[in-house]
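Structure data follow from work30.txt (compact mmCIF, C-alpha atoms):
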# COMPACT_ATOMS: atom_id res chain seq x y z
CA MET A 68 0.00 0.00 0.00
CA LYS A 69 1.18 3.51 -0.83
CA ALA A 70 0.96 6.18 1.86
CA THR A 71 1.95 9.84 2.09
CA TYR A 72 2.23 11.93 5.23
CA VAL A 73 1.66 15.60 4.39
CA ILE A 74 2.71 18.20 6.95
CA THR A 75 1.69 21.79 6.29
CA GLU A 76 0.21 24.82 8.00
CA TYR A 77 -3.56 24.67 7.65
CA ASN A 78 -5.60 27.65 8.88
CA GLY A 79 -2.80 28.78 11.16
CA ARG A 80 -1.98 25.35 12.68
CA LYS A 81 0.79 23.00 11.60
CA THR A 82 -1.00 19.75 10.89
CA GLY A 83 -0.14 16.28 9.64
CA PHE A 84 -2.42 14.51 7.17
CA LEU A 85 -2.04 10.79 6.44
CA PHE A 86 -3.14 9.68 2.98
CA GLU A 87 -3.46 6.03 2.00
CA GLU A 88 -3.80 5.59 -1.75
CA SER A 89 -4.90 9.27 -2.00
CA ARG A 90 -7.61 8.82 0.68
CA LEU A 91 -7.39 11.01 3.79
CA MET A 92 -7.21 8.60 6.74
CA LYS A 93 -5.89 10.52 9.75
CA THR A 94 -5.00 14.00 10.95
CA CYS A 95 -2.71 15.10 13.76
CA PHE A 96 -1.81 18.56 15.04
CA LEU A 97 1.89 19.25 15.53
CA CYS A 98 1.04 21.37 18.56
CA ASN A 99 -0.19 18.43 20.59
CA GLU A 100 -2.90 19.30 23.13
CA SER A 101 -3.23 15.79 24.53
CA LEU A 102 -2.15 15.11 28.12
CA ILE A 103 -1.68 11.36 27.53
CA GLY A 104 1.71 10.21 28.77
CA ASN A 105 2.34 13.22 31.01
CA VAL A 106 3.41 12.39 34.59
CA TYR A 107 2.14 14.38 37.58
CA VAL A 108 2.31 14.44 41.34
CA ALA A 109 -1.39 14.38 42.22
CA LYS A 110 -3.47 14.63 45.41
CA VAL A 111 -6.29 12.20 46.16
CA VAL A 112 -9.39 14.38 46.66
CA ASN A 113 -12.17 11.79 46.81
CA ILE A 114 -12.72 8.04 47.01
CA VAL A 115 -15.99 6.60 45.72
CA LYS A 116 -16.40 3.05 47.03
CA SER A 117 -19.47 2.30 44.91
CA ILE A 118 -17.38 2.45 41.71
CA ASN A 119 -14.11 1.40 43.40
CA ALA A 120 -12.34 4.52 42.19
CA ALA A 121 -10.55 7.60 43.43
CA PHE A 122 -10.46 11.07 41.94
CA VAL A 123 -7.16 12.92 41.95
CA ASP A 124 -6.18 16.53 41.38
CA ALA A 125 -3.07 16.80 39.19
CA GLY A 126 -3.49 20.48 38.43
CA THR A 127 -4.79 19.81 34.91
CA GLY A 128 -7.93 21.89 35.38
CA ASP A 129 -10.27 19.07 36.40
CA TYR A 130 -10.15 15.99 38.60
CA LEU A 131 -8.91 12.74 37.04
CA TYR A 132 -10.52 9.31 37.37
CA TYR A 133 -8.18 6.82 39.08
CA PRO A 134 -9.54 3.21 39.03
CA LEU A 135 -8.46 1.46 42.22
CA ALA A 136 -8.76 -2.10 40.92
CA ASP A 137 -6.39 -1.42 38.02
CA ASN A 138 -3.83 0.24 40.29
CA ASP A 139 -4.16 -1.90 43.40
CA GLY A 140 -0.73 -2.62 44.87
CA HIS A 141 1.02 -0.29 42.41
CA HIS A 142 0.43 3.12 44.00
CA LEU A 143 3.51 5.34 43.99
CA TYR A 144 3.11 7.46 47.11
CA THR A 145 4.99 10.69 47.70
CA LYS A 146 2.93 11.34 50.83
CA HIS A 147 0.87 8.70 52.63
CA GLY A 148 -0.70 8.02 56.00
CA LYS A 149 -0.34 4.95 58.19
CA THR A 150 -3.14 2.86 56.64
CA ASP A 151 -2.60 0.17 54.02
CA LYS A 152 -5.22 1.62 51.69
CA ILE A 153 -5.10 4.77 49.61
CA CYS A 154 -6.76 7.68 51.41
CA VAL A 155 -8.02 11.18 50.72
CA GLY A 156 -5.10 13.55 51.12
CA ASP A 157 -2.48 11.09 49.85
CA GLU A 158 -0.12 12.36 47.18
CA ILE A 159 0.73 9.92 44.42
CA LEU A 160 2.65 9.78 41.15
CA VAL A 161 0.34 9.24 38.17
CA GLN A 162 0.51 9.16 34.38
CA ILE A 163 -2.36 10.31 32.17
CA LYS A 164 -3.91 7.35 30.34
CA LYS A 165 -6.94 9.00 28.70
CA ASP A 166 -7.84 12.57 27.84
CA PRO A 167 -11.17 14.00 29.04
CA ILE A 168 -13.83 13.40 26.38
CA LYS A 169 -17.05 15.44 26.42
CA SER A 170 -18.46 15.06 29.95
CA LYS A 171 -16.16 12.15 30.85
CA LYS A 172 -13.15 12.93 33.00
CA GLY A 173 -9.62 12.05 32.03
CA GLU A 174 -8.07 8.90 33.48
CA ALA A 175 -4.79 8.50 35.36
CA GLY A 176 -2.90 5.41 36.45
CA SER A 177 0.19 4.37 38.38
CA ASP A 178 1.56 2.06 35.67
CA LEU A 179 4.18 4.39 34.24
CA GLU A 180 4.85 3.61 30.59
CA PHE A 181 7.58 5.00 28.35
CA LYS A 182 7.94 4.19 24.67
CA GLY A 183 11.27 3.75 22.92
CA LYS A 184 12.28 2.64 19.47
CA TYR A 185 12.80 -0.99 20.46
CA MET A 186 10.60 -1.40 23.51
CA ILE A 187 7.94 -0.06 25.85
CA LEU A 188 8.97 0.13 29.50
CA ASN A 189 6.24 -0.30 32.11
CA ARG A 190 5.75 -1.54 35.68
CA SER A 191 4.20 -4.93 34.90
CA GLY A 192 7.24 -6.89 36.11
CA GLU A 193 7.04 -9.06 32.99
CA VAL A 194 8.90 -9.21 29.68
CA GLY A 195 6.89 -9.76 26.51
CA VAL A 196 8.05 -10.00 22.91
CA SER A 197 6.14 -8.92 19.81
CA LYS A 198 4.50 -11.85 18.03
CA LYS A 199 5.67 -10.38 14.74
CA ILE A 200 9.27 -11.36 15.57
CA GLU A 201 9.21 -14.82 14.01
CA ASN A 202 12.78 -16.01 14.65
CA SER A 203 12.50 -18.05 17.87
CA ASP A 204 16.24 -17.87 18.62
CA GLU A 205 16.17 -14.09 18.27
CA LYS A 206 13.10 -13.82 20.49
CA THR A 207 14.77 -15.92 23.17
CA ALA A 208 18.00 -13.94 23.02
CA LEU A 209 16.17 -10.63 23.27
CA LYS A 210 13.98 -11.75 26.14
CA GLU A 211 16.83 -13.29 28.14
CA SER A 212 19.06 -10.24 27.70
CA VAL A 213 16.32 -7.85 28.76
CA GLU A 214 15.34 -10.00 31.74
CA LYS A 215 18.97 -10.19 32.87
CA ARG A 216 19.39 -6.41 32.69
CA LEU A 217 16.12 -5.85 34.57
CA GLN A 218 17.20 -8.20 37.35
CA THR A 219 20.52 -6.36 37.66
CA PHE A 220 18.80 -2.99 37.72
CA GLN A 221 16.27 -4.12 40.31
CA SER A 222 19.05 -5.28 42.61
CA GLU A 223 20.88 -1.97 42.45
CA GLU A 224 20.32 0.14 45.55
CA GLU A 225 19.63 3.30 43.55
CA SER A 226 16.73 1.73 41.69
CA GLU A 227 14.53 0.52 44.54
CA ASN A 228 11.62 2.71 43.46
CA THR A 229 11.27 1.18 39.97
CA LEU A 230 9.06 -1.53 41.53
CA ASN A 231 9.04 -4.46 39.15
CA ALA A 232 9.85 -2.80 35.85
CA GLY A 233 8.58 -4.69 32.83
CA VAL A 234 9.19 -4.48 29.10
CA ILE A 235 7.33 -5.11 25.87
CA ILE A 236 9.89 -5.71 23.12
CA ARG A 237 8.68 -4.16 19.87
CA THR A 238 8.87 -5.55 16.35
CA SER A 239 11.60 -3.04 15.49
CA ALA A 240 13.99 -4.92 17.80
CA ALA A 241 14.19 -7.70 15.19
CA GLY A 242 17.55 -7.50 13.46
CA ALA A 243 18.80 -4.73 15.77
CA GLU A 244 22.13 -4.91 17.58
CA LEU A 245 21.59 -6.35 21.05
CA LYS A 246 23.79 -3.61 22.50
CA ASP A 247 21.49 -0.92 21.05
CA VAL A 248 18.46 -2.61 22.58
CA ILE A 249 20.06 -2.80 26.04
CA ASP A 250 21.33 0.78 25.77
CA GLU A 251 17.78 1.97 25.15
CA LEU A 252 16.54 -0.12 28.07
CA ASN A 253 19.10 1.57 30.31
CA GLU A 254 17.95 5.01 29.16
CA LEU A 255 14.29 4.22 29.86
CA LEU A 256 15.06 2.68 33.26
CA ILE A 257 17.04 5.75 34.27
CA LEU A 258 14.21 7.99 33.07
CA MET A 259 11.58 6.14 35.11
CA ASN A 260 13.80 5.88 38.19
CA ASP A 261 14.73 9.57 38.05
CA LEU A 262 11.07 10.56 37.78
CA VAL A 263 10.17 8.52 40.86
CA LYS A 264 13.01 10.18 42.77
CA LYS A 265 12.06 13.62 41.47
CA ALA A 266 8.45 13.11 42.56
CA GLY A 267 9.56 12.61 46.14
CA HIS A 268 10.90 16.16 46.25
CA SER A 269 8.23 17.80 44.10
CA VAL A 270 5.26 19.89 45.13
CA CYS A 271 1.79 18.49 44.54
CA ARG A 272 -0.24 19.21 41.38
CA LYS A 273 2.88 19.55 39.25
CA CYS A 274 3.78 18.02 35.88
CA ILE A 275 7.24 16.45 36.22
CA TYR A 276 7.35 14.82 32.77
CA GLU A 277 5.75 16.04 29.54
CA ASN A 278 5.22 13.50 26.81
CA THR A 279 6.27 14.84 23.41
CA THR A 280 3.89 12.73 21.35
CA GLY A 281 2.44 14.03 18.11
CA VAL A 282 3.24 13.84 14.44
CA TYR A 283 6.90 12.91 14.98
CA ASP A 284 6.15 9.91 17.19
CA GLU A 285 3.35 8.84 14.88
CA ILE A 286 5.66 8.96 11.87
CA THR A 287 8.30 6.97 13.78
CA ASP A 288 5.70 4.31 14.65
CA LEU A 289 4.59 4.05 11.03
CA ILE A 290 8.19 3.48 9.95
CA ILE A 291 8.93 1.02 12.75
CA LYS A 292 5.82 -1.05 12.05
CA ASN A 293 6.65 -1.06 8.33
CA LYS A 294 2.94 -0.88 7.57
CA TYR A 295 3.27 0.49 4.04
CA ASP A 296 5.12 -0.75 0.95
CA ASP A 297 5.71 2.84 -0.16
CA PHE A 298 5.79 5.53 2.53
CA LYS A 299 6.78 9.16 1.94
CA ILE A 300 6.71 12.32 4.05
CA ILE A 301 6.30 15.69 2.36
CA THR A 302 6.28 19.13 3.97
CA ASP A 303 6.54 22.73 2.82
CA ASP A 304 7.97 23.91 6.15
CA GLN A 305 11.77 24.10 6.28
CA GLU A 306 11.82 23.98 10.09
CA VAL A 307 9.60 20.89 10.20
CA TYR A 308 11.68 19.28 7.44
CA SER A 309 14.88 19.81 9.44
CA GLU A 310 13.31 18.59 12.67
CA ILE A 311 11.97 15.42 11.09
CA SER A 312 15.38 14.72 9.59
CA THR A 313 16.95 14.84 13.06
CA LYS A 314 14.14 13.33 15.17
CA VAL A 315 13.02 10.44 13.01
CA SER A 316 15.61 7.71 12.68
CA ASP A 317 16.08 5.00 10.04
CA ILE A 318 14.54 7.03 7.23
CA LYS A 319 15.86 6.59 3.72
CA THR A 320 17.13 9.74 2.07
CA ASP A 321 14.30 9.77 -0.46
CA THR A 322 11.52 9.27 2.13
CA VAL A 323 11.36 12.88 3.36
CA LYS A 324 10.81 15.60 0.79
CA LEU A 325 10.69 19.37 1.07
CA TYR A 326 7.94 20.84 -1.12
CA GLU A 327 9.10 24.11 -2.66
CA ASP A 328 6.68 24.76 -5.53
CA GLN A 329 5.42 28.36 -5.26
CA MET A 330 2.72 27.93 -7.91
CA ILE A 331 0.36 25.83 -5.85
CA SER A 332 0.23 25.26 -2.09
CA LEU A 333 0.63 21.81 -0.60
CA SER A 334 -2.89 21.90 0.86
CA LYS A 335 -4.33 22.76 -2.56
CA LEU A 336 -2.26 20.06 -4.25
CA TYR A 337 -3.79 17.41 -1.98
CA SER A 338 -7.28 19.03 -1.90
CA ILE A 339 -7.17 18.96 1.88
CA GLU A 340 -10.10 21.32 2.45
CA THR A 341 -12.42 19.32 0.19
CA LYS A 342 -11.37 16.03 1.78
CA LEU A 343 -11.86 17.38 5.29
CA VAL A 344 -15.34 18.70 4.48
CA ASN A 345 -16.33 15.40 2.85
CA GLY A 346 -14.76 13.30 5.61
CA PHE A 347 -16.48 15.18 8.44
CA ASN A 348 -19.85 15.57 6.76
CA LYS A 349 -22.94 14.07 8.36
CA TYR A 350 -23.72 12.39 5.04
CA ILE A 351 -21.02 10.30 3.32
CA TYR A 352 -21.74 9.37 -0.29
CA LEU A 353 -20.46 6.05 -1.61
CA LYS A 354 -19.33 5.35 -5.18
CA SER A 355 -22.05 2.69 -5.48
CA GLY A 356 -24.70 5.35 -4.88
CA GLY A 357 -25.33 4.37 -1.26
CA THR A 358 -25.03 6.77 1.65
CA ILE A 359 -23.77 6.68 5.22
CA VAL A 360 -25.26 8.88 7.93
CA VAL A 361 -23.07 9.53 11.00
CA GLU A 362 -24.77 10.73 14.19
CA PRO A 363 -22.52 11.21 17.27
CA THR A 364 -24.48 11.29 20.55
CA GLU A 365 -23.49 11.58 24.19
CA ALA A 366 -23.76 7.82 24.77
CA MET A 367 -22.60 6.39 21.44
CA THR A 368 -22.07 7.03 17.74
CA VAL A 369 -24.85 5.79 15.48
CA ILE A 370 -24.10 5.04 11.82
CA ASP A 371 -26.83 4.29 9.29
CA VAL A 372 -26.16 2.75 5.87
CA ASN A 373 -28.74 3.42 3.14
CA THR A 374 -29.12 2.27 -0.46
CA GLY A 375 -29.52 5.84 -1.74
CA LYS A 376 -29.46 5.77 -5.54
CA ALA A 377 -28.06 2.24 -5.71
CA ILE A 378 -31.29 0.42 -6.54
CA LYS A 379 -30.48 -0.86 -10.02
CA GLY A 380 -30.34 -4.57 -10.82
CA LYS A 381 -32.54 -7.53 -10.06
CA ASN A 382 -30.36 -9.26 -7.48
CA THR A 383 -30.95 -6.98 -4.50
CA GLU A 384 -29.09 -9.28 -2.07
CA ASP A 385 -25.84 -8.95 -4.04
CA THR A 386 -26.40 -5.20 -4.44
CA PHE A 387 -26.99 -4.75 -0.71
CA LEU A 388 -23.89 -6.81 0.12
CA LYS A 389 -21.79 -4.70 -2.25
CA ILE A 390 -23.01 -1.43 -0.67
CA ASN A 391 -22.56 -2.75 2.85
CA LYS A 392 -18.96 -3.86 2.15
CA GLU A 393 -18.15 -0.50 0.61
CA ALA A 394 -19.65 1.10 3.72
CA CYS A 395 -17.39 -1.06 5.93
CA THR A 396 -14.27 0.39 4.33
CA GLU A 397 -15.61 3.93 4.68
CA ILE A 398 -16.75 3.44 8.28
CA ALA A 399 -13.31 2.12 9.29
CA ARG A 400 -11.81 5.26 7.73
CA ILE A 401 -14.29 7.56 9.49
CA LEU A 402 -13.45 6.07 12.90
CA ARG A 403 -9.75 6.84 12.37
CA LEU A 404 -10.22 10.24 10.76
CA ARG A 405 -12.64 11.56 13.39
CA ASN A 406 -11.07 9.80 16.41
CA LEU A 407 -14.47 8.31 17.25
CA SER A 408 -14.44 6.11 20.35
CA GLY A 409 -16.69 4.28 22.79
CA ILE A 410 -19.78 2.45 21.53
CA ILE A 411 -20.37 2.41 17.76
CA MET A 412 -23.76 1.13 16.50
CA ILE A 413 -24.08 0.42 12.77
CA ASP A 414 -27.36 -0.17 10.97
CA PHE A 415 -26.37 -1.87 7.72
CA ILE A 416 -28.83 -2.50 4.89
CA ASN A 417 -30.82 -5.59 5.86
CA MET A 418 -29.88 -8.83 4.10
CA LYS A 419 -31.77 -12.11 4.26
CA LYS A 420 -29.08 -14.71 3.58
CA SER A 421 -26.97 -15.81 6.55
CA GLU A 422 -23.95 -16.34 4.30
CA SER A 423 -24.18 -12.72 3.13
CA ILE A 424 -24.31 -11.50 6.74
CA HIS A 425 -21.32 -13.70 7.67
CA GLU A 426 -19.32 -12.40 4.70
CA LEU A 427 -20.14 -8.82 5.69
CA ILE A 428 -19.07 -9.30 9.32
CA GLU A 429 -15.77 -10.93 8.33
CA PHE A 430 -15.06 -8.11 5.90
CA LEU A 431 -15.86 -5.52 8.57
CA LYS A 432 -13.45 -7.23 10.98
CA SER A 433 -10.67 -7.13 8.40
CA GLU A 434 -11.23 -3.40 7.85
CA ILE A 435 -11.28 -2.39 11.54
CA ASP A 436 -8.14 -4.48 12.15
CA LYS A 437 -6.22 -1.85 10.16
CA ASP A 438 -6.86 0.74 12.88
CA GLU A 439 -3.93 1.72 15.12
CA ILE A 440 -6.34 2.00 18.04
CA ARG A 441 -8.07 -1.18 19.21
CA VAL A 442 -11.54 -1.65 17.69
CA THR A 443 -13.57 -4.61 18.94
CA TYR A 444 -16.43 -6.31 17.12
CA VAL A 445 -18.96 -7.11 19.85
CA ASP A 446 -22.03 -8.67 18.23
CA ILE A 447 -24.93 -8.26 15.84
CA THR A 448 -28.25 -7.77 17.63
CA ALA A 449 -31.59 -9.42 16.90
CA LEU A 450 -32.55 -6.23 15.07
CA GLY A 451 -29.50 -6.50 12.83
CA LEU A 452 -27.50 -3.70 14.46
CA VAL A 453 -23.74 -4.25 14.54
CA GLU A 454 -22.01 -3.29 17.78
CA LEU A 455 -18.40 -2.11 17.88
CA THR A 456 -16.30 -0.49 20.59
CA ARG A 457 -13.23 1.66 19.97
CA LYS A 458 -10.78 2.36 22.77
CA LYS A 459 -11.08 5.86 24.20
CA GLN A 460 -7.78 7.74 24.19
CA VAL A 461 -8.08 11.24 22.77
CA LYS A 462 -11.07 13.47 22.18
CA PRO A 463 -12.96 13.13 18.86
CA LEU A 464 -12.32 15.62 16.08
CA VAL A 465 -14.93 17.76 14.37
CA LEU A 466 -14.66 19.97 11.29
CA LYS A 467 -14.49 23.20 13.29
CA ASP A 468 -11.19 22.00 14.83
CA PHE A 469 -9.60 22.73 11.44
CA MET A 470 -11.38 26.00 10.69
What would you get if you wrote out this structure as structure tokens?
Amino acid sequence: MKATYVITEYNGRKTGFLFEESRLMKTCFLCNESLIGNVYVAKVVNIVKSINAAFVDAGTGDYLYYPLADNDGHHLYTKHGKTDKICVGDEILVQIKKDPIKSKKGEAGSDLEFKGKYMILNRSGEVGVSKKIENSDEKTALKESVEKRLQTFQSEEESENTLNAGVIIRTSAAGAELKDVIDELNELLILMNDLVKKAGHSVCRKCIYENTTGVYDEITDLIIKNKYDDFKIITDDQEVYSEISTKVSDIKTDTVKLYEDQMISLSKLYSIETKLVNGFNKYIYLKSGGTIVVEPTEAMTVIDVNTGKAIKGKNTEDTFLKINKEACTEIARILRLRNLSGIIMIDFINMKKSESIHELIEFLKSEIDKDEIRVTYVDITALGLVELTRKKQVKPLVLKDFM
């Protein structure tokens, strides 16, 4: 698959646009407003036993949801009373896991997680290896080396506060020098250990680590995962071009291009405005003549698939299946483009044959599997409504965000 990442200033904001085969799939602002990954010293302000959760004040402007079951036994206290349980008034080290979305509060957790090129460091106490690394000898060597270094680090007096550090070894570690992998592990361990130490001397409601996620990390992930056969980055901003060249590693010299044509802007060349308007419209028109209606609500997002003008032909079952499958591809794109999350209910065109329904569901699963964020197929109800859930991470996008 061919993909192009376009980075340009659009309506005063530097923005990244991911195109797959000329179709706009994702957008990302260079000036990242997400709090995900940031680490704070927070104060426990309330404990609600009925939902087994605490609410903490990290100084982010609103209280954060802190699920006690998920963090039980992993609290990182900077100030704590004499009881075994977490209490109101305690000060703890937390990392933002989810941004606030609509009326839902953001979520924080004690499982610190830091992403590197070859691995993700966390506090699970376990070492996992990507299933995409197929060489069993290489997997074993990587796992054993990482486990050995973790054991050594845990035994060092200066690292007592790391509390069972764990690692997920990423696909990019395949073929890498073992020394480079261990060097990165050392850097991440030092980062986490230093943050824990720093928290002990920090005032409450203070950010002690700011995650620099955004377009650059997203581009790095795309390269690491090797998702595309042909992947290019193009920008008309000299500063961005220079920064990408230094920040993003393992890029071939012909992958990043600086656009310098003064006759037509980069946004006009890729028809970004038109594609944004079409992609964020309530009504999405399919090539077959069918239509998709997208209705976000407070509780869920409802998507309706209609035949529209596609009523030609005698075999309506085959026609309906064709429209529904085309809608699957478009719905999977809409979820990514708009950052839709939570419950997704889809009302496809009704089909009578069970084999047609089965084919549709399998095709839908294959399309949502392409999403970087986890999308789960739940079920199809007695009324024929398809239920999906998409993991909540960042707030959904709307057209006015770009205007």
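Separating atom CA of Gly357 of chain A from atom CA of Leu464 of chain A is a distance of 24.4 Å.
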Residues within 10 Å of Val307 of chain A, all atoms listed in the file, excluding chain neighbours under 4 positions, as a PyMOL selection string: chain A and resi 74-75+81+97+283+301-303+311-313+325
Export of prior selection with C-alpha atoms as a compact mmCIF listing (two decimals), in the coordinates of the input:
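For reference, again28.txt as written:
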# COMPACT_ATOMS: atom_id res chain seq x y z
CA ILE A 74 2.71 18.20 6.95
CA THR A 75 1.69 21.79 6.29
CA LYS A 81 0.79 23.00 11.60
CA LEU A 97 1.89 19.25 15.53
CA TYR A 283 6.90 12.91 14.98
CA ILE A 301 6.30 15.69 2.36
CA THR A 302 6.28 19.13 3.97
CA ASP A 303 6.54 22.73 2.82
CA ILE A 311 11.97 15.42 11.09
CA SER A 312 15.38 14.72 9.59
CA THR A 313 16.95 14.84 13.06
CA LEU A 325 10.69 19.37 1.07
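For the atom pair formed by atom CA of Asp129 of chain A and atom CA of Glu174 of chain A, the distance is 10.8 Å, given to one decimal.
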Would you list the contacts of Cys154 of chain A as a ChimeraX atom specification, taking every protein, DNA or RNA residue within 12 Å and counting all atoms listed in the file, but skipping same-chain residues closer than 2 positions in sequence? /A:110-116,120-123,135,142,144,146-152,156-159
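Distance check against Arg90 of chain A using all atoms listed in the file: of A:Ile339, A:Ile235, A:Ile168, A:Val461, the minimum falls on A:Ile339.
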Can you tell me which residues surround segment 426-436 of chain A at a distance of at most 10 Å, considering all atoms listed in the file, apart from same-chain residues fewer than 2 positions away, and format the answer as number ranges by chain? A: 388-389, 391-400, 402-403, 415, 418, 421-424, 438-444, 446-447, 453, 455, 457
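With only C-alpha atoms taken into account, the protein and nucleic acid residues at most 12 Å from Phe96 of chain A (excluding it and anything under 4 positions from it in its own chain) are Val73, Ile74, Thr75, Glu76, Tyr77, Asn78, Gly79, Arg80, Lys81, Thr82, Gly83, Phe84, Leu85, Glu100, Ser101, Thr280, Gly281, Val282, Tyr283, Asp284, Glu285, Leu464, Asp468 and Phe469 of chain A.
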I need the chosen residues saved as a compact mmCIF listing (two decimals), in the coordinates of the input, with C-alpha atoms.
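Output file selection12.txt follows:
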# COMPACT_ATOMS: atom_id res chain seq x y z
CA VAL A 73 1.66 15.60 4.39
CA ILE A 74 2.71 18.20 6.95
CA THR A 75 1.69 21.79 6.29
CA GLU A 76 0.21 24.82 8.00
CA TYR A 77 -3.56 24.67 7.65
CA ASN A 78 -5.60 27.65 8.88
CA GLY A 79 -2.80 28.78 11.16
CA ARG A 80 -1.98 25.35 12.68
CA LYS A 81 0.79 23.00 11.60
CA THR A 82 -1.00 19.75 10.89
CA GLY A 83 -0.14 16.28 9.64
CA PHE A 84 -2.42 14.51 7.17
CA LEU A 85 -2.04 10.79 6.44
CA GLU A 100 -2.90 19.30 23.13
CA SER A 101 -3.23 15.79 24.53
CA THR A 280 3.89 12.73 21.35
CA GLY A 281 2.44 14.03 18.11
CA VAL A 282 3.24 13.84 14.44
CA TYR A 283 6.90 12.91 14.98
CA ASP A 284 6.15 9.91 17.19
CA GLU A 285 3.35 8.84 14.88
CA LEU A 464 -12.32 15.62 16.08
CA ASP A 468 -11.19 22.00 14.83
CA PHE A 469 -9.60 22.73 11.44
d(atom CA of Ala366 of chain A, atom CA of Ile390 of chain A) in Å: 27.1 Å
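If you measure from each of A:Leu336, A:Lys165, A:Gln221, A:Ile413 to Lys458 of chain A using all atoms listed in the file, the closest one turns out to be A:Lys165.
Closest approach to Leu262 of chain A among A:Leu160, A:Ala208, A:Val234, A:Val360 is made by A:Leu160 (distances from all atoms listed in the file).
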Exercise: Asn373 of chain A partners within 7 Å, only C-alpha atoms, chain neighbours under 5 positions left out, as a ChimeraX atom specification: /A:357-359,416
